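Before any comments, here is the structure.
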Amino acid sequence: ALEILNAQLPITAERIQLIMSAINSCEGLNTEGDIRISRLAKANKSLWEGMQKMAEEKKKAYCCAVWTDRAVDRAALQQIEQMARGGHGVDEFGVPCLEITQRTPLRVLHRRSLLDRKRHIYNLETVLLNPHYFLLRLTTSAGTYVKEFVHGDLGRTTPSVCAMLNCQADILQLDVVRLYDDLDGGDHFISSHSIIDSTNSNDNSSSNSSSYGDDCLNQDMYITTSSAAGDSENGSKEQKNLTWQALNSLRLPSFRS
């Protein structure tokens with residue numbers, strides 16, 4: 001949400017469309033396409049004040065870059081997706097999901113009560129970047145600790161990505177890509193196809209943007225870092241840094257070192 005102070009002109013539907021077009025055209029300060037707006041609408045003060053409550057009570061969609069200490073392949077990631085889809089859990093509304101149990105994470109234990117909480121994972125998707133790195137996209141119920149769902153928090157979150165892959169896993173970057181609120185468009189899920197295709201639509205090469213999203217989901221999408229960095233089985237610090245540069249070069253939303 002943006003609050004505009006001392007506006008010199010009234011906010012009309014036409015001006016909102018002009019603002020969206022100016023930002024999405026990737027010109028001026030946005031030449032790299034770091035910012036893209038899918039929906040923009042006028043709001044009032046009461047909506048502004050209620051947005052924090054929405055953030056605490058509604059489902060959210062995330063995109064995160066994950067590192068693993070051992071090499072994984074597309075088959076291993078597909079197994080995670082299948083386990084999430086076949087979790088045989090349902091939420092309070094009867095929607096199929098993967099039900100997880102999260103004991104209050106160690107990082108917030110000093111300010112939160114020690115409890116076991118049931119949380120739900122929906123729409124889990126993965127995109128393999130190279131044997132030690134992949135993108136994880138998922139939707140979660142309110143209050144889910146996504147970092148702990150990935151690394152397991154020493155067994156305090158079950159099941160976890162770490163446990164399902166049977167290796168150490170950690171998040172390099174975590175971004176909220178959608179809040180499922182009651183506003184217009186709040187029920188829209190951003191899939192791997194829609195995000196990757198939308199970012200590539202800004203590229204000058206139309207041939208890449210037409211098939212890039214399908215390639216990411218249906219094939220192993222390897223990022224070449226260097227032969228030296230790729231030789232390390234457990235993913236060296238040098239390989240992490242090189243792959244981080246490669247993540248930046250993908251120009252996915254908010255991937256910046």
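Convention: chains lettered A, B, ... in structure tokens order; per-chain residue numbering from 1; ligands numbered from 1 as shown.
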Would you mind listing what lies within 10 Å of Met83 (chain A) as a list in words, with only C-alpha atoms counted and same-chain residues fewer than 6 positions away left out?
->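 Non-adjacent residues within range: Leu77, Cys97, Leu98, Leu124, Pro159 and Met164 of chain A.
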N, CA and C atoms of the current selection, written as an mmCIF file, in the first residue's frame:
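Saved to again21.cif:
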data_model
loop_
_atom_site.group_PDB
_atom_site.id
_atom_site.type_symbol
_atom_site.label_atom_id
_atom_site.label_comp_id
_atom_site.auth_asym_id
_atom_site.auth_seq_id
_atom_site.Cartn_x
_atom_site.Cartn_y
_atom_site.Cartn_z
ATOM 1 N N LEU A 77 12.872 -33.304 -6.329
ATOM 2 C CA LEU A 77 11.971 -32.163 -6.131
ATOM 3 C C LEU A 77 10.532 -32.544 -6.477
ATOM 4 N N CYS A 97 -4.554 -30.140 1.512
ATOM 5 C CA CYS A 97 -3.289 -29.461 1.799
ATOM 6 C C CYS A 97 -2.331 -30.439 2.472
ATOM 7 N N LEU A 98 -1.124 -29.986 2.682
ATOM 8 C CA LEU A 98 -0.153 -30.713 3.495
ATOM 9 C C LEU A 98 -0.176 -30.107 4.894
ATOM 10 N N LEU A 124 2.472 -26.249 -3.652
ATOM 11 C CA LEU A 124 3.927 -26.270 -3.585
ATOM 12 C C LEU A 124 4.502 -26.606 -4.961
ATOM 13 N N PRO A 159 6.225 -32.348 8.786
ATOM 14 C CA PRO A 159 7.433 -32.623 7.999
ATOM 15 C C PRO A 159 8.067 -31.315 7.524
ATOM 16 N N MET A 164 12.226 -34.204 4.016
ATOM 17 C CA MET A 164 11.755 -34.867 2.807
ATOM 18 C C MET A 164 12.885 -35.121 1.821
#
Just give me the gap between CA of Asp170 (chain A) and CA of Val108 (chain A) in Å, one decimal is fine.
-> 17.5 Å
Check region 54-201 of chain A with DSSP on the backbone and list each residue it calls strand (DSSP E or B), as a PyMOL selection string.
-> chain A and resi 60-68+89-90+96-103+116-130+133-140+157-158+169-179
Selected residues, C-alpha atoms, written as an mmCIF file, in the first residue's frame, please.
data_model
loop_
_atom_site.group_PDB
_atom_site.id
_atom_site.type_symbol
_atom_site.label_atom_id
_atom_site.label_comp_id
_atom_site.auth_asym_id
_atom_site.auth_seq_id
_atom_site.Cartn_x
_atom_site.Cartn_y
_atom_site.Cartn_z
ATOM 1 C CA LYS A 60 0.254 -15.927 1.790
ATOM 2 C CA ALA A 61 2.187 -17.084 -1.263
ATOM 3 C CA TYR A 62 5.985 -17.124 -1.104
ATOM 4 C CA CYS A 63 8.918 -17.550 -3.434
ATOM 5 C CA CYS A 64 12.254 -18.553 -1.948
ATOM 6 C CA ALA A 65 15.710 -19.602 -3.100
ATOM 7 C CA VAL A 66 16.815 -22.783 -1.330
ATOM 8 C CA TRP A 67 20.301 -24.304 -0.937
ATOM 9 C CA THR A 68 20.966 -27.960 -0.131
ATOM 10 C CA GLY A 89 -4.701 -33.181 5.044
ATOM 11 C CA VAL A 90 -7.530 -30.682 4.847
ATOM 12 C CA PRO A 96 -6.760 -30.367 0.500
ATOM 13 C CA CYS A 97 -3.289 -29.461 1.799
ATOM 14 C CA LEU A 98 -0.153 -30.713 3.495
ATOM 15 C CA GLU A 99 -0.624 -30.385 7.256
ATOM 16 C CA ILE A 100 2.529 -29.679 9.250
ATOM 17 C CA THR A 101 3.213 -29.287 12.962
ATOM 18 C CA GLN A 102 5.412 -26.403 14.064
ATOM 19 C CA ARG A 103 6.725 -26.064 17.589
ATOM 20 C CA ASP A 116 2.755 -26.938 18.853
ATOM 21 C CA ARG A 117 0.744 -25.352 16.043
ATOM 22 C CA LYS A 118 -0.937 -26.990 13.051
ATOM 23 C CA ARG A 119 -0.261 -25.180 9.773
ATOM 24 C CA HIS A 120 -1.117 -25.900 6.142
ATOM 25 C CA ILE A 121 0.898 -25.859 2.896
ATOM 26 C CA TYR A 122 -0.794 -25.432 -0.497
ATOM 27 C CA ASN A 123 0.318 -25.253 -4.151
ATOM 28 C CA LEU A 124 3.927 -26.270 -3.585
ATOM 29 C CA GLU A 125 6.060 -25.941 -6.737
ATOM 30 C CA THR A 126 9.800 -26.218 -7.328
ATOM 31 C CA VAL A 127 12.189 -25.104 -10.064
ATOM 32 C CA LEU A 128 15.629 -26.730 -10.202
ATOM 33 C CA LEU A 129 18.414 -24.194 -10.786
ATOM 34 C CA ASN A 130 21.429 -26.486 -10.372
ATOM 35 C CA TYR A 133 19.932 -24.694 -5.610
ATOM 36 C CA PHE A 134 16.238 -24.538 -6.425
ATOM 37 C CA LEU A 135 13.309 -22.166 -6.240
ATOM 38 C CA LEU A 136 10.445 -23.069 -3.946
ATOM 39 C CA ARG A 137 7.010 -21.510 -4.425
ATOM 40 C CA LEU A 138 4.255 -22.271 -1.977
ATOM 41 C CA THR A 139 1.116 -20.932 -0.361
ATOM 42 C CA THR A 140 0.713 -21.257 3.391
ATOM 43 C CA THR A 157 8.826 -28.520 12.272
ATOM 44 C CA THR A 158 7.520 -31.780 10.792
ATOM 45 C CA ALA A 169 18.508 -27.235 3.423
ATOM 46 C CA ASP A 170 18.341 -23.518 4.044
ATOM 47 C CA ILE A 171 16.767 -20.404 2.547
ATOM 48 C CA LEU A 172 18.941 -17.845 0.787
ATOM 49 C CA GLN A 173 16.099 -15.415 0.167
ATOM 50 C CA LEU A 174 12.402 -15.346 1.000
ATOM 51 C CA ASP A 175 9.850 -13.079 -0.667
ATOM 52 C CA VAL A 176 6.102 -12.686 -0.178
ATOM 53 C CA VAL A 177 4.532 -12.627 -3.638
ATOM 54 C CA ARG A 178 0.829 -12.618 -2.740
ATOM 55 C CA LEU A 179 -1.437 -11.949 0.217
#
What does the distance between CA of Gly155 (chain A) and CA of Val72 (chain A) come to in Å, to one decimal place?
->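 If I compute the distance from CA of Gly155 (chain A) to CA of Val72 (chain A), I get 20.8 Å.
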Please give the complete set of residues from region 32-181 of chain A that DSSP, run on the backbone, assigns to helix (DSSP H, G or I), formatted as number ranges by chain.
-> A: 45-57, 74-85, 106-108, 146-151, 161-165
When you look at Leu2 (chain A) with a cut-off of 12 Å (counting only C-alpha atoms), what residues show up, excluding the ones that are within fewer than 3 positions of it in the same chain? I need them as a tab-separated table (two decimals) with all heavy atoms, in the first residue's frame.
chain	number	residue	atom	x	y	z
A	5	LEU	N	0.85	11.78	-0.07
A	5	LEU	CA	0.60	12.99	0.73
A	5	LEU	C	0.59	14.21	-0.17
A	5	LEU	O	1.37	14.33	-1.12
A	5	LEU	CB	1.69	13.14	1.80
A	5	LEU	CG	1.83	11.97	2.78
A	5	LEU	CD1	3.01	12.20	3.71
A	5	LEU	CD2	0.54	11.79	3.58
A	40	LEU	N	-3.55	-2.15	-9.35
A	40	LEU	CA	-3.43	-0.90	-8.60
A	40	LEU	C	-4.81	-0.28	-8.49
A	40	LEU	O	-5.53	-0.17	-9.50
A	40	LEU	CB	-2.47	0.06	-9.32
A	40	LEU	CG	-2.06	1.33	-8.56
A	40	LEU	CD1	-1.28	0.97	-7.30
A	40	LEU	CD2	-1.21	2.22	-9.45
A	41	ALA	N	-5.22	0.09	-7.29
A	41	ALA	CA	-6.56	0.62	-7.08
A	41	ALA	C	-6.53	1.65	-5.96
A	41	ALA	O	-5.66	1.63	-5.09
A	41	ALA	CB	-7.55	-0.49	-6.75
A	42	LYS	N	-7.49	2.55	-6.01
A	42	LYS	CA	-7.62	3.57	-4.98
A	42	LYS	C	-8.20	2.96	-3.71
A	42	LYS	O	-9.08	2.09	-3.76
A	42	LYS	CB	-8.54	4.69	-5.49
A	42	LYS	CG	-8.67	5.87	-4.54
A	42	LYS	CD	-9.57	6.94	-5.14
A	42	LYS	CE	-9.74	8.13	-4.20
A	42	LYS	NZ	-10.62	9.17	-4.79
A	43	ALA	N	-7.69	3.37	-2.56
A	43	ALA	CA	-8.14	2.84	-1.28
A	43	ALA	C	-8.47	3.98	-0.33
A	43	ALA	O	-8.14	5.15	-0.59
A	43	ALA	CB	-7.08	1.94	-0.67
A	44	ASN	N	-9.12	3.64	0.78
A	44	ASN	CA	-9.44	4.66	1.78
A	44	ASN	C	-8.66	4.39	3.07
A	44	ASN	O	-7.95	3.40	3.19
A	44	ASN	CB	-10.95	4.69	2.06
A	44	ASN	CG	-11.49	3.32	2.43
A	44	ASN	OD1	-10.84	2.54	3.11
A	44	ASN	ND2	-12.71	3.03	1.98
A	45	LYS	N	-8.82	5.26	4.03
A	45	LYS	CA	-8.04	5.18	5.26
A	45	LYS	C	-8.35	3.93	6.06
A	45	LYS	O	-7.45	3.31	6.64
A	45	LYS	CB	-8.29	6.42	6.12
A	45	LYS	CG	-7.42	6.49	7.36
A	45	LYS	CD	-7.66	7.78	8.12
A	45	LYS	CE	-6.76	7.86	9.36
A	45	LYS	NZ	-6.97	9.12	10.11
A	47	LEU	N	-9.19	0.99	4.99
A	47	LEU	CA	-8.52	-0.14	4.38
A	47	LEU	C	-7.04	-0.15	4.75
A	47	LEU	O	-6.46	-1.19	5.08
A	47	LEU	CB	-8.68	-0.10	2.86
A	47	LEU	CG	-8.01	-1.23	2.08
A	47	LEU	CD1	-8.63	-2.56	2.45
A	47	LEU	CD2	-8.13	-0.99	0.59
A	48	TRP	N	-6.44	1.01	4.72
A	48	TRP	CA	-5.03	1.15	5.09
A	48	TRP	C	-4.80	0.63	6.51
A	48	TRP	O	-3.87	-0.10	6.77
A	48	TRP	CB	-4.64	2.63	4.97
A	48	TRP	CG	-3.27	2.97	5.46
A	48	TRP	CD1	-2.88	3.20	6.74
A	48	TRP	CD2	-2.09	3.12	4.66
A	48	TRP	NE1	-1.55	3.49	6.80
A	48	TRP	CE2	-1.04	3.46	5.54
A	48	TRP	CE3	-1.82	3.04	3.29
A	48	TRP	CZ2	0.26	3.69	5.10
A	48	TRP	CZ3	-0.53	3.27	2.85
A	48	TRP	CH2	0.50	3.59	3.75
A	51	MET	N	-4.91	-3.32	6.94
A	51	MET	CA	-4.04	-4.19	6.15
A	51	MET	C	-3.13	-5.05	7.02
A	51	MET	O	-2.83	-6.19	6.69
A	51	MET	CB	-3.21	-3.36	5.17
A	51	MET	CG	-4.03	-2.77	4.04
A	51	MET	SD	-3.05	-2.07	2.72
A	51	MET	CE	-2.41	-3.54	1.95
